[in-house]
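Next up, my_file.txt (compact mmCIF, C-alpha atoms):
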```txt
# COMPACT_ATOMS: atom_id res chain seq x y z
CA MET A 1146 100.09 224.06 -33.21
CA GLY A 1147 96.54 224.67 -32.05
CA GLU A 1148 95.20 222.97 -28.97
CA TRP A 1149 93.20 219.77 -29.35
CA ARG A 1150 90.68 218.99 -26.63
CA ARG A 1151 88.92 215.65 -26.36
CA LEU A 1152 85.33 216.22 -25.30
CA GLY A 1153 84.39 212.56 -24.80
CA GLY A 1154 84.17 209.19 -26.46
CA GLU A 1155 81.80 206.29 -26.88
CA ILE A 1156 82.40 202.69 -27.92
CA VAL A 1157 80.60 202.12 -31.21
CA PHE A 1158 81.70 198.51 -31.82
CA ASP A 1159 83.35 195.77 -29.76
CA ALA A 1160 85.38 193.38 -31.92
CA GLY A 1161 86.86 191.37 -29.04
CA ILE A 1162 90.57 191.98 -29.64
CA PHE A 1163 89.82 195.68 -29.99
CA ARG A 1164 87.01 198.13 -29.39
CA LEU A 1165 86.18 200.92 -31.84
CA ARG A 1166 85.66 204.27 -30.10
CA ARG A 1167 84.30 207.50 -31.55
CA ASP A 1168 85.85 210.61 -29.97
CA ALA A 1169 84.48 214.15 -30.10
CA TYR A 1170 87.08 216.93 -30.28
CA GLU A 1171 87.54 220.66 -30.28
CA HIS A 1172 90.48 222.18 -32.16
CA GLU A 1173 91.34 225.73 -31.18
CA GLY A 1174 87.95 225.96 -29.55
CA LEU A 1175 85.92 224.77 -32.53
CA PRO A 1176 84.22 221.38 -32.87
CA THR A 1177 85.79 219.04 -35.44
CA ARG A 1178 84.70 215.89 -37.23
CA PRO A 1179 84.74 212.81 -34.98
CA PHE A 1180 87.94 210.77 -34.73
CA TYR A 1181 87.87 206.97 -34.50
CA VAL A 1182 90.27 205.08 -32.25
CA LEU A 1183 90.82 201.36 -31.68
CA GLU A 1184 91.33 200.53 -28.02
CA SER A 1185 93.59 197.52 -27.56
CA ASN A 1186 95.89 196.04 -24.99
CA THR A 1187 99.67 196.41 -25.20
CA TRP A 1188 101.29 194.24 -27.86
CA ILE A 1189 104.73 192.66 -27.67
CA ASN A 1190 107.06 190.96 -30.11
CA VAL A 1191 110.37 189.18 -29.74
CA VAL A 1192 113.51 188.70 -31.83
CA PRO A 1193 114.71 185.27 -30.62
CA VAL A 1194 118.40 184.71 -31.38
CA THR A 1195 119.86 181.19 -31.10
CA PRO A 1196 123.39 180.44 -29.83
CA ALA A 1197 124.38 179.96 -33.51
CA GLY A 1198 123.23 183.48 -34.41
CA GLU A 1199 120.03 182.41 -36.15
CA ILE A 1200 116.63 184.04 -35.68
CA VAL A 1201 113.51 182.04 -34.87
CA LEU A 1202 110.53 183.16 -36.96
CA VAL A 1203 106.91 182.08 -37.28
CA ARG A 1204 104.74 181.77 -40.35
CA GLN A 1205 101.03 182.23 -39.86
CA TYR A 1206 97.85 183.13 -41.69
CA ARG A 1207 96.91 186.80 -41.33
CA HIS A 1208 93.26 187.60 -41.87
CA GLY A 1209 93.83 191.28 -42.71
CA ILE A 1210 95.64 190.42 -45.94
CA GLN A 1211 94.30 186.85 -46.38
CA GLN A 1212 97.82 185.47 -46.75
CA THR A 1213 100.46 183.82 -44.61
CA THR A 1214 103.28 186.04 -43.41
CA LEU A 1215 106.71 185.42 -41.91
CA GLU A 1216 107.08 187.29 -38.63
CA VAL A 1217 108.81 187.38 -35.29
CA PRO A 1218 106.81 185.74 -32.47
CA GLY A 1219 104.47 188.08 -30.63
CA GLY A 1220 101.03 188.78 -29.32
CA LEU A 1221 98.99 190.62 -26.74
CA VAL A 1222 99.87 191.29 -23.15
CA ASP A 1223 97.28 189.46 -21.06
CA LEU A 1224 94.39 191.51 -19.77
CA ARG A 1225 95.41 191.00 -16.15
CA ASP A 1226 98.24 193.55 -16.31
CA GLU A 1227 100.90 191.07 -17.38
CA ASP A 1228 104.40 192.51 -17.56
CA PRO A 1229 105.41 192.99 -21.24
CA ALA A 1230 108.66 191.04 -20.75
CA ALA A 1231 106.71 188.16 -19.18
CA ALA A 1232 104.35 188.22 -22.17
CA ALA A 1233 107.38 188.01 -24.47
CA VAL A 1234 108.66 184.90 -22.66
CA ARG A 1235 105.18 183.34 -22.77
CA GLU A 1236 104.51 184.06 -26.46
CA LEU A 1237 107.97 182.85 -27.49
CA LEU A 1238 107.40 179.57 -25.68
CA GLU A 1239 103.81 179.10 -26.91
CA GLU A 1240 104.52 179.93 -30.54
CA THR A 1241 107.96 178.36 -30.99
CA GLY A 1242 108.74 176.09 -28.00
CA HIS A 1243 111.87 178.18 -27.31
CA ARG A 1244 113.23 179.78 -24.16
CA GLY A 1245 116.33 181.93 -23.68
CA ALA A 1246 117.95 184.67 -21.65
CA PRO A 1247 115.73 187.33 -20.03
CA PRO A 1248 114.14 189.61 -22.66
CA GLU A 1249 116.00 192.86 -23.37
CA LEU A 1250 113.92 195.79 -24.61
CA LEU A 1251 114.94 196.95 -28.11
CA GLY A 1252 112.37 199.74 -28.06
CA ALA A 1253 108.67 200.48 -27.87
CA VAL A 1254 106.72 201.92 -30.78
CA SER A 1255 103.23 203.34 -31.06
CA SER A 1256 101.44 200.56 -32.95
CA ASN A 1257 99.71 203.22 -35.06
CA PRO A 1258 99.15 206.50 -33.20
CA ALA A 1259 96.64 207.76 -35.78
CA ILE A 1260 94.08 205.03 -35.04
CA LEU A 1261 95.36 202.76 -32.23
CA ASP A 1262 95.83 203.73 -28.59
CA ASN A 1263 98.45 201.12 -27.73
CA ARG A 1264 102.16 200.46 -27.97
CA THR A 1265 104.19 197.48 -29.15
CA HIS A 1266 107.19 196.57 -26.99
CA CYS A 1267 109.96 194.96 -29.03
CA PHE A 1268 112.36 192.60 -27.25
CA VAL A 1269 115.39 190.52 -28.10
CA VAL A 1270 115.79 187.13 -26.40
CA ARG A 1271 119.34 185.84 -26.77
CA ASP A 1272 120.48 182.26 -26.33
CA ALA A 1273 117.06 181.00 -27.47
CA ARG A 1274 116.90 177.18 -27.47
CA PRO A 1275 114.11 174.67 -28.05
CA VAL A 1276 112.69 173.29 -24.81
CA GLY A 1277 109.57 171.56 -26.12
CA ALA A 1278 106.92 171.58 -28.80
CA PRO A 1279 105.11 174.82 -29.69
CA ASN A 1280 101.68 175.13 -28.09
CA PRO A 1281 99.88 177.98 -29.85
CA ASP A 1282 96.32 179.05 -29.18
CA PRO A 1283 93.76 177.00 -31.12
CA HIS A 1284 93.11 179.94 -33.46
CA GLU A 1285 96.82 180.47 -34.06
CA ASP A 1286 97.99 178.25 -36.87
CA VAL A 1287 101.72 178.79 -36.64
CA SER A 1288 104.78 177.07 -38.13
CA VAL A 1289 108.37 177.79 -37.05
CA GLU A 1290 111.23 178.74 -39.41
CA ILE A 1291 114.80 179.39 -38.31
CA HIS A 1292 117.13 181.43 -40.53
CA PRO A 1293 120.61 182.96 -40.18
CA ALA A 1294 120.46 186.59 -38.99
CA GLN A 1295 122.08 187.86 -42.18
CA ARG A 1296 119.39 186.16 -44.26
CA VAL A 1297 116.65 187.62 -42.04
CA ARG A 1298 118.14 191.10 -42.51
CA GLU A 1299 117.96 190.53 -46.27
CA MET A 1300 114.34 189.32 -45.97
CA VAL A 1301 113.37 192.58 -44.26
CA LEU A 1302 115.14 194.74 -46.82
CA LYS A 1303 113.63 192.76 -49.72
CA GLY A 1304 110.11 192.83 -48.27
CA GLU A 1305 109.89 189.07 -47.71
CA ILE A 1306 109.25 189.96 -44.07
CA HIS A 1307 106.72 192.79 -44.40
CA HIS A 1308 104.64 192.95 -41.19
CA SER A 1309 105.39 196.52 -40.10
CA LEU A 1310 105.77 195.68 -36.41
CA SER A 1311 107.96 192.63 -37.07
CA ALA A 1312 110.07 194.77 -39.39
CA CYS A 1313 110.38 197.40 -36.63
CA ALA A 1314 111.63 194.86 -34.09
CA LEU A 1315 114.11 193.31 -36.50
CA MET A 1316 115.44 196.64 -37.78
CA LEU A 1317 115.87 197.92 -34.21
CA PHE A 1318 117.87 194.75 -33.57
CA PHE A 1319 120.03 195.13 -36.69
CA LEU A 1320 120.66 198.86 -36.23
CA GLN A 1321 121.59 198.47 -32.57
CA ARG A 1322 123.81 195.48 -33.25
CA ARG A 1323 125.78 197.45 -35.80
CA ASP A 1324 126.40 200.10 -33.18
CA ALA A 1325 127.91 197.54 -30.83
CA MET B 974 99.47 174.71 -41.80
CA GLY B 975 95.78 174.09 -42.18
CA GLU B 976 93.81 175.77 -44.91
CA TRP B 977 91.88 178.96 -44.12
CA ARG B 978 88.84 179.70 -46.24
CA ARG B 979 87.01 183.01 -46.13
CA LEU B 980 83.29 182.41 -46.44
CA GLY B 981 82.25 186.06 -46.70
CA GLY B 982 82.33 189.43 -45.03
CA GLU B 983 80.07 192.30 -44.11
CA ILE B 984 80.81 195.89 -43.22
CA VAL B 985 79.74 196.45 -39.61
CA PHE B 986 80.90 200.07 -39.25
CA ASP B 987 82.05 202.83 -41.61
CA ALA B 988 84.47 205.24 -39.93
CA GLY B 989 85.27 207.28 -43.05
CA ILE B 990 89.04 206.72 -43.25
CA PHE B 991 88.44 202.99 -42.73
CA ARG B 992 85.58 200.51 -42.73
CA LEU B 993 85.32 197.72 -40.18
CA ARG B 994 84.49 194.36 -41.79
CA ARG B 995 83.51 191.12 -40.07
CA ASP B 996 84.71 188.02 -41.95
CA ALA B 997 83.46 184.47 -41.54
CA TYR B 998 86.08 181.72 -41.92
CA GLU B 999 86.56 177.99 -42.02
CA HIS B 1000 89.84 176.51 -40.81
CA GLU B 1001 90.53 172.97 -41.93
CA GLY B 1002 86.86 172.69 -42.85
CA LEU B 1003 85.48 173.86 -39.50
CA PRO B 1004 83.86 177.24 -38.81
CA THR B 1005 85.92 179.60 -36.61
CA ARG B 1006 85.17 182.74 -34.63
CA PRO B 1007 84.70 185.82 -36.82
CA PHE B 1008 87.77 187.89 -37.74
CA TYR B 1009 87.61 191.68 -37.94
CA VAL B 1010 89.46 193.60 -40.66
CA LEU B 1011 89.84 197.32 -41.31
CA GLU B 1012 89.55 198.17 -44.99
CA SER B 1013 91.62 201.20 -45.92
CA ASN B 1014 93.33 202.69 -48.92
CA THR B 1015 97.07 202.36 -49.52
CA TRP B 1016 99.19 204.56 -47.24
CA ILE B 1017 102.49 206.19 -48.14
CA ASN B 1018 105.24 207.90 -46.24
CA VAL B 1019 108.39 209.73 -47.29
CA VAL B 1020 111.89 210.25 -45.92
CA PRO B 1021 112.76 213.70 -47.33
CA VAL B 1022 116.52 214.31 -47.37
CA THR B 1023 117.86 217.83 -47.94
CA PRO B 1024 121.02 218.61 -49.94
CA ALA B 1025 122.77 219.12 -46.55
CA GLY B 1026 121.85 215.58 -45.43
CA GLU B 1027 119.08 216.62 -43.04
CA ILE B 1028 115.69 214.94 -42.80
CA VAL B 1029 112.43 216.91 -42.94
CA LEU B 1030 109.97 215.76 -40.26
CA VAL B 1031 106.49 216.80 -39.19
CA ARG B 1032 105.01 217.10 -35.73
CA GLN B 1033 101.28 216.58 -35.43
CA TYR B 1034 98.57 215.63 -32.98
CA ARG B 1035 97.61 211.96 -33.15
CA HIS B 1036 94.17 211.13 -31.85
CA GLY B 1037 94.95 207.46 -31.15
CA ILE B 1038 97.38 208.35 -28.36
CA GLN B 1039 96.12 211.90 -27.66
CA GLN B 1040 99.63 213.33 -28.04
CA THR B 1041 101.73 215.01 -30.68
CA THR B 1042 104.27 212.81 -32.46
CA LEU B 1043 107.29 213.48 -34.62
CA GLU B 1044 107.00 211.59 -37.92
CA VAL B 1045 107.99 211.53 -41.54
CA PRO B 1046 105.43 213.14 -43.88
CA GLY B 1047 102.79 210.76 -45.18
CA GLY B 1048 99.16 210.02 -45.77
CA LEU B 1049 96.65 208.15 -47.85
CA VAL B 1050 96.78 207.48 -51.54
CA ASP B 1051 93.79 209.26 -53.05
CA LEU B 1052 90.71 207.19 -53.72
CA ARG B 1053 90.96 207.71 -57.46
CA ASP B 1054 93.78 205.20 -57.91
CA GLU B 1055 96.57 207.70 -57.43
CA ASP B 1056 100.07 206.30 -57.97
CA PRO B 1057 101.81 205.84 -54.58
CA ALA B 1058 104.86 207.82 -55.74
CA ALA B 1059 102.60 210.69 -56.86
CA ALA B 1060 100.90 210.60 -53.45
CA ALA B 1061 104.35 210.86 -51.83
CA VAL B 1062 105.18 213.97 -53.85
CA ARG B 1063 101.77 215.48 -53.03
CA GLU B 1064 101.90 214.78 -49.28
CA LEU B 1065 105.49 216.02 -48.99
CA LEU B 1066 104.51 219.29 -50.64
CA GLU B 1067 101.26 219.71 -48.69
CA GLU B 1068 102.71 218.91 -45.28
CA THR B 1069 106.16 220.52 -45.56
CA GLY B 1070 106.25 222.79 -48.64
CA HIS B 1071 109.21 220.74 -49.99
CA ARG B 1072 109.89 219.15 -53.35
CA GLY B 1073 112.83 217.04 -54.46
CA ALA B 1074 114.05 214.31 -56.79
CA PRO B 1075 111.57 211.62 -57.91
CA PRO B 1076 110.59 209.34 -55.00
CA GLU B 1077 112.59 206.11 -54.71
CA LEU B 1078 110.85 203.16 -53.05
CA LEU B 1079 112.59 202.01 -49.87
CA GLY B 1080 110.12 199.20 -49.37
CA ALA B 1081 106.46 198.42 -48.78
CA VAL B 1082 105.18 196.96 -45.53
CA SER B 1083 101.84 195.49 -44.53
CA SER B 1084 100.46 198.24 -42.31
CA ASN B 1085 99.25 195.57 -39.89
CA PRO B 1086 98.35 192.29 -41.59
CA ALA B 1087 96.44 191.01 -38.55
CA ILE B 1088 93.75 193.70 -38.73
CA LEU B 1089 94.40 195.97 -41.73
CA ASP B 1090 94.09 195.02 -45.39
CA ASN B 1091 96.44 197.65 -46.78
CA ARG B 1092 100.12 198.35 -47.32
CA THR B 1093 102.31 201.35 -46.60
CA HIS B 1094 104.78 202.31 -49.34
CA CYS B 1095 107.91 203.95 -47.91
CA PHE B 1096 109.85 206.34 -50.14
CA VAL B 1097 112.97 208.45 -49.96
CA VAL B 1098 112.96 211.84 -51.69
CA ARG B 1099 116.49 213.16 -52.08
CA ASP B 1100 117.46 216.76 -52.75
CA ALA B 1101 114.34 217.99 -50.90
CA ARG B 1102 114.13 221.79 -50.88
CA PRO B 1103 111.51 224.29 -49.72
CA VAL B 1104 109.42 225.63 -52.61
CA GLY B 1105 106.64 227.35 -50.66
CA ALA B 1106 104.60 227.29 -47.49
CA PRO B 1107 103.06 224.05 -46.26
CA ASN B 1108 99.38 223.68 -47.10
CA PRO B 1109 98.02 220.81 -45.00
CA ASP B 1110 94.40 219.67 -44.89
CA PRO B 1111 92.29 221.72 -42.47
CA HIS B 1112 92.17 218.79 -40.04
CA GLU B 1113 95.93 218.29 -40.23
CA ASP B 1114 97.64 220.54 -37.73
CA VAL B 1115 101.25 220.03 -38.75
CA SER B 1116 104.53 221.77 -37.92
CA VAL B 1117 107.81 221.12 -39.72
CA GLU B 1118 111.11 220.19 -38.02
CA ILE B 1119 114.38 219.59 -39.83
CA HIS B 1120 117.15 217.57 -38.16
CA PRO B 1121 120.50 216.07 -39.23
CA ALA B 1122 120.15 212.44 -40.37
CA GLN B 1123 122.42 211.18 -37.60
CA ARG B 1124 120.21 212.86 -34.99
CA VAL B 1125 117.08 211.36 -36.59
CA ARG B 1126 118.67 207.92 -36.44
CA GLU B 1127 119.27 208.48 -32.73
CA MET B 1128 115.67 209.66 -32.26
CA VAL B 1129 114.39 206.39 -33.74
CA LEU B 1130 116.69 204.24 -31.61
CA LYS B 1131 115.79 206.21 -28.46
CA GLY B 1132 112.05 206.10 -29.14
CA GLU B 1133 111.68 209.86 -29.64
CA ILE B 1134 110.29 208.96 -33.06
CA HIS B 1135 107.93 206.09 -32.22
CA HIS B 1136 105.21 205.90 -34.90
CA SER B 1137 105.77 202.33 -36.13
CA LEU B 1138 105.35 203.20 -39.81
CA SER B 1139 107.60 206.26 -39.63
CA ALA B 1140 110.18 204.15 -37.81
CA CYS B 1141 109.94 201.51 -40.57
CA ALA B 1142 110.59 204.07 -43.31
CA LEU B 1143 113.50 205.66 -41.47
CA MET B 1144 115.11 202.34 -40.50
CA LEU B 1145 114.79 201.06 -44.09
CA PHE B 1146 116.58 204.25 -45.12
CA PHE B 1147 119.35 203.90 -42.53
CA LEU B 1148 119.91 200.17 -43.12
CA GLN B 1149 120.07 200.59 -46.88
CA ARG B 1150 122.33 203.59 -46.67
CA ARG B 1151 124.82 201.65 -44.62
CA ASP B 1152 124.91 199.01 -47.33
CA ALA B 1153 125.84 201.56 -49.94
```

Could you rewrite the structure in this file as structure tokens?
Amino acid sequence: MGEWRRLGGEIVFDAGIFRLRRDAYEHEGLPTRPFYVLESNTWINVVPVTPAGEIVLVRQYRHGIQQTTLEVPGGLVDLRDEDPAAAAVRELLEETGHRGAPPELLGAVSSNPAILDNRTHCFVVRDARPVGAPNPDPHEDVSVEIHPAQRVREMVLKGEIHHSLSACALMLFFLQRRDA
Amino acid sequence: MGEWRRLGGEIVFDAGIFRLRRDAYEHEGLPTRPFYVLESNTWINVVPVTPAGEIVLVRQYRHGIQQTTLEVPGGLVDLRDEDPAAAAVRELLEETGHRGAPPELLGAVSSNPAILDNRTHCFVVRDARPVGAPNPDPHEDVSVEIHPAQRVREMVLKGEIHHSLSACALMLFFLQRRDA
């Protein structure tokens, strides 16, 4: 493959949760069209498994598709270099009121390497139990749903759970569990 | 959950492959901060399986992370309302020079329902065989790699294949195959 060389970039729009950057490139020594990249912080999500083998999910309104979706809990790593596992514990507690064993990394994916610069770290938290009421951010309008793992697996395969990054975390969990 | 009502939107930046839109909302009757959405066409990707049970992958430079990644073939559905399955056949041929049986839908995910308005349709194409040389777009600098399915499964679980949407397609394939 020919060599790509990034000549520079400039922020063309700041949307708060991400910034849109225009990058200039050379490919094999020749200038190309500009490429657009969203700069964002690391994202995390969590598969919370209860002692009974259920999975704790959240339903929330998603503005990209103007519908509610069923997802695993998750969010952004805080700007002040928060550890991704610590962010997983925090988001799980805020969104669902649950705590559990220390997060175990299922894997980390590139959120979308064509247009996003960040990664999503996917964790499992076993032995998740309610310790209080959820306390989501004011702009997060979240309700909690708890389903047996087998039913959640079916929801992913049938497209009832269709957020790509939630599906990644859950499928990493199901594929690894079957190896055990 | 409280009701979300979209009051309107305006395009604030056109990046070619997507447009950035700012939407105004009310939540439970009160105005909220703006939400930013990327408008894009439907995306597709394909798990191409050879008669020997190998999977045809592509390696390409991804400008979001400034690295090459190993992925399943894929791309955008053409603007002129192309059928997603037809786009899968077209992209598979363009990027890898392979053709196979008619695409079967593994599932469709929301590419990222928080910030993107589109879906990614994931297909499997069985009996994929080389029929000519790849013919990618000039700005697509793609090389083809063919690996046994079991090795590809391992690459997903180890994070060697880490594009979230490629991982989704492959894990849908592996989870469904194990059900068979």

Exercise. Please tell me which residues are no farther than 10 Å from (104.6, 218.3, -40.6) in the file, counting all atoms listed in the file, and write them as number ranges by chain.
Key: B: 1029-1033, 1042-1047, 1064-1065, 1067-1070, 1107-1109, 1113-1119

At most 7 Å is the cut-off: for each residue in chain B with any atom that close to an atom of chain A, write down the nearest atom pair and the distance in Å rounded to one decimal, counting only C-alpha atoms, chain first then increasing number, as JSON lines.
```
{"residue": "B:Met974", "atom": "CA", "partner": "A:Asp1286", "partner_atom": "CA", "distance": 6.2}
{"residue": "B:Ala988", "atom": "CA", "partner": "A:Tyr1181", "partner_atom": "CA", "distance": 6.6}
{"residue": "B:Phe1008", "atom": "CA", "partner": "A:His1208", "partner_atom": "CA", "distance": 6.9}
{"residue": "B:Tyr1009", "atom": "CA", "partner": "A:Ala1160", "partner_atom": "CA", "distance": 6.6}
{"residue": "B:Val1010", "atom": "CA", "partner": "A:Gly1209", "partner_atom": "CA", "distance": 5.4}
{"residue": "B:Arg1035", "atom": "CA", "partner": "A:Ala1259", "partner_atom": "CA", "distance": 5.0}
{"residue": "B:His1036", "atom": "CA", "partner": "A:Ala1259", "partner_atom": "CA", "distance": 5.7}
{"residue": "B:Gly1037", "atom": "CA", "partner": "A:Asp1262", "partner_atom": "CA", "distance": 4.6}
{"residue": "B:Ile1038", "atom": "CA", "partner": "A:Asp1262", "partner_atom": "CA", "distance": 4.9}
{"residue": "B:Gly1080", "atom": "CA", "partner": "A:Gly1304", "partner_atom": "CA", "distance": 6.5}
{"residue": "B:Ala1081", "atom": "CA", "partner": "A:Gly1304", "partner_atom": "CA", "distance": 6.7}
{"residue": "B:Val1082", "atom": "CA", "partner": "A:His1307", "partner_atom": "CA", "distance": 4.6}
{"residue": "B:Ser1083", "atom": "CA", "partner": "A:His1308", "partner_atom": "CA", "distance": 5.0}
{"residue": "B:Ser1084", "atom": "CA", "partner": "A:Ser1309", "partner_atom": "CA", "distance": 5.7}
{"residue": "B:Asn1085", "atom": "CA", "partner": "A:His1308", "partner_atom": "CA", "distance": 6.1}
{"residue": "B:Pro1086", "atom": "CA", "partner": "A:Gly1209", "partner_atom": "CA", "distance": 4.8}
{"residue": "B:Ala1087", "atom": "CA", "partner": "A:Gly1209", "partner_atom": "CA", "distance": 4.9}
{"residue": "B:Ile1088", "atom": "CA", "partner": "A:Gly1209", "partner_atom": "CA", "distance": 4.7}
{"residue": "B:Leu1089", "atom": "CA", "partner": "A:Gly1209", "partner_atom": "CA", "distance": 4.8}
{"residue": "B:Asp1090", "atom": "CA", "partner": "A:Gly1209", "partner_atom": "CA", "distance": 4.6}
{"residue": "B:Asp1114", "atom": "CA", "partner": "A:Met1146", "partner_atom": "CA", "distance": 6.2}
{"residue": "B:Val1115", "atom": "CA", "partner": "A:Met1146", "partner_atom": "CA", "distance": 6.9}
{"residue": "B:Ser1116", "atom": "CA", "partner": "A:Met1146", "partner_atom": "CA", "distance": 6.9}
{"residue": "B:Leu1130", "atom": "CA", "partner": "A:Leu1317", "partner_atom": "CA", "distance": 6.9}
{"residue": "B:Gly1132", "atom": "CA", "partner": "A:Gly1252", "partner_atom": "CA", "distance": 6.5}
{"residue": "B:His1135", "atom": "CA", "partner": "A:Val1254", "partner_atom": "CA", "distance": 4.6}
{"residue": "B:His1136", "atom": "CA", "partner": "A:Ser1255", "partner_atom": "CA", "distance": 5.0}
{"residue": "B:Ser1137", "atom": "CA", "partner": "A:Val1254", "partner_atom": "CA", "distance": 5.4}
{"residue": "B:Leu1138", "atom": "CA", "partner": "A:Ser1309", "partner_atom": "CA", "distance": 6.7}
{"residue": "B:Ala1140", "atom": "CA", "partner": "A:Cys1313", "partner_atom": "CA", "distance": 6.9}
{"residue": "B:Cys1141", "atom": "CA", "partner": "A:Cys1313", "partner_atom": "CA", "distance": 5.7}
{"residue": "B:Met1144", "atom": "CA", "partner": "A:Met1316", "partner_atom": "CA", "distance": 6.3}
{"residue": "B:Leu1145", "atom": "CA", "partner": "A:Leu1302", "partner_atom": "CA", "distance": 6.9}
```

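Take the candidates B:Asp1054, B:Glu1001, B:Asp1100, B:Glu1127 and check each one against Thr1015 (chain B) using only C-alpha atoms; the shortest distance goes to B:Asp1054.
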
Shell of 6 Å around Val1269 (chain A), all atoms listed in the file, local chain residues under 2 positions omitted, as a PDB file with C-alpha atoms, in the frame of the given file:
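Below is the file part_3.pdb, written as the result:
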```pdb
ATOM      1  CA  VAL A1191     110.370 189.180 -29.740  1.00  0.00           C
ATOM      2  CA  VAL A1192     113.510 188.700 -31.830  1.00  0.00           C
ATOM      3  CA  PRO A1193     114.710 185.270 -30.620  1.00  0.00           C
ATOM      4  CA  PRO A1248     114.140 189.610 -22.660  1.00  0.00           C
ATOM      5  CA  GLU A1249     116.000 192.860 -23.370  1.00  0.00           C
TER       6      GLU A1249
END
```

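With only C-alpha atoms taken into account, the protein and nucleic acid residues at most 8 Å from Arg1244 (chain A) (excluding it and anything under 3 positions from it in its own chain) are Val1234, Leu1237, Leu1238, Asp1272, Ala1273, Arg1274, Pro1275 and Val1276 of chain A.
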
Quiz prompt | Computed interatomic separation between CA of Leu1221 (chain A) and CA of Trp1188 (chain A) (Å) | solution = 4.4 Å

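Put simply, CA of Cys1267 (chain A) is 28.9 Å away from CA of Gly1026 (chain B).
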
Quiz item: Hey, which of B:Glu983, B:Glu999, B:Asp1051, B:Asp1110 ends up closest to Ile1017 (chain B)? Count all atoms listed in the file.
Solution: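 Between B:Glu983, B:Glu999, B:Asp1051, B:Asp1110, the residue approaching Ile1017 (chain B) most closely is B:Asp1051.
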
Quiz item: To one decimal place, how far is CA of Gly1073 (chain B) from CA of Gln1123 (chain B) in Å?
Solution: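 If I compute the distance from CA of Gly1073 (chain B) to CA of Gln1123 (chain B), I get 20.3 Å.
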
Quiz item: Nearest to Ser1013 (chain B): which of B:Arg1150, B:Phe1096, B:Ala997, B:Arg992 is it, counting only C-alpha atoms?
Solution: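 When distances to Ser1013 (chain B) are compared using only C-alpha atoms, the smallest one comes from B:Arg992.
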
Report as JSON the centre and the edge lengths, in Å to one decimal, of the axis-aligned box holding every listed atom of region 993-1006 of chain B, padded by 5 Å on each side.
```
{"center_x": 87.0, "center_y": 185.2, "center_z": -38.7, "size_x": 17.1, "size_y": 35.0, "size_z": 18.2}
```
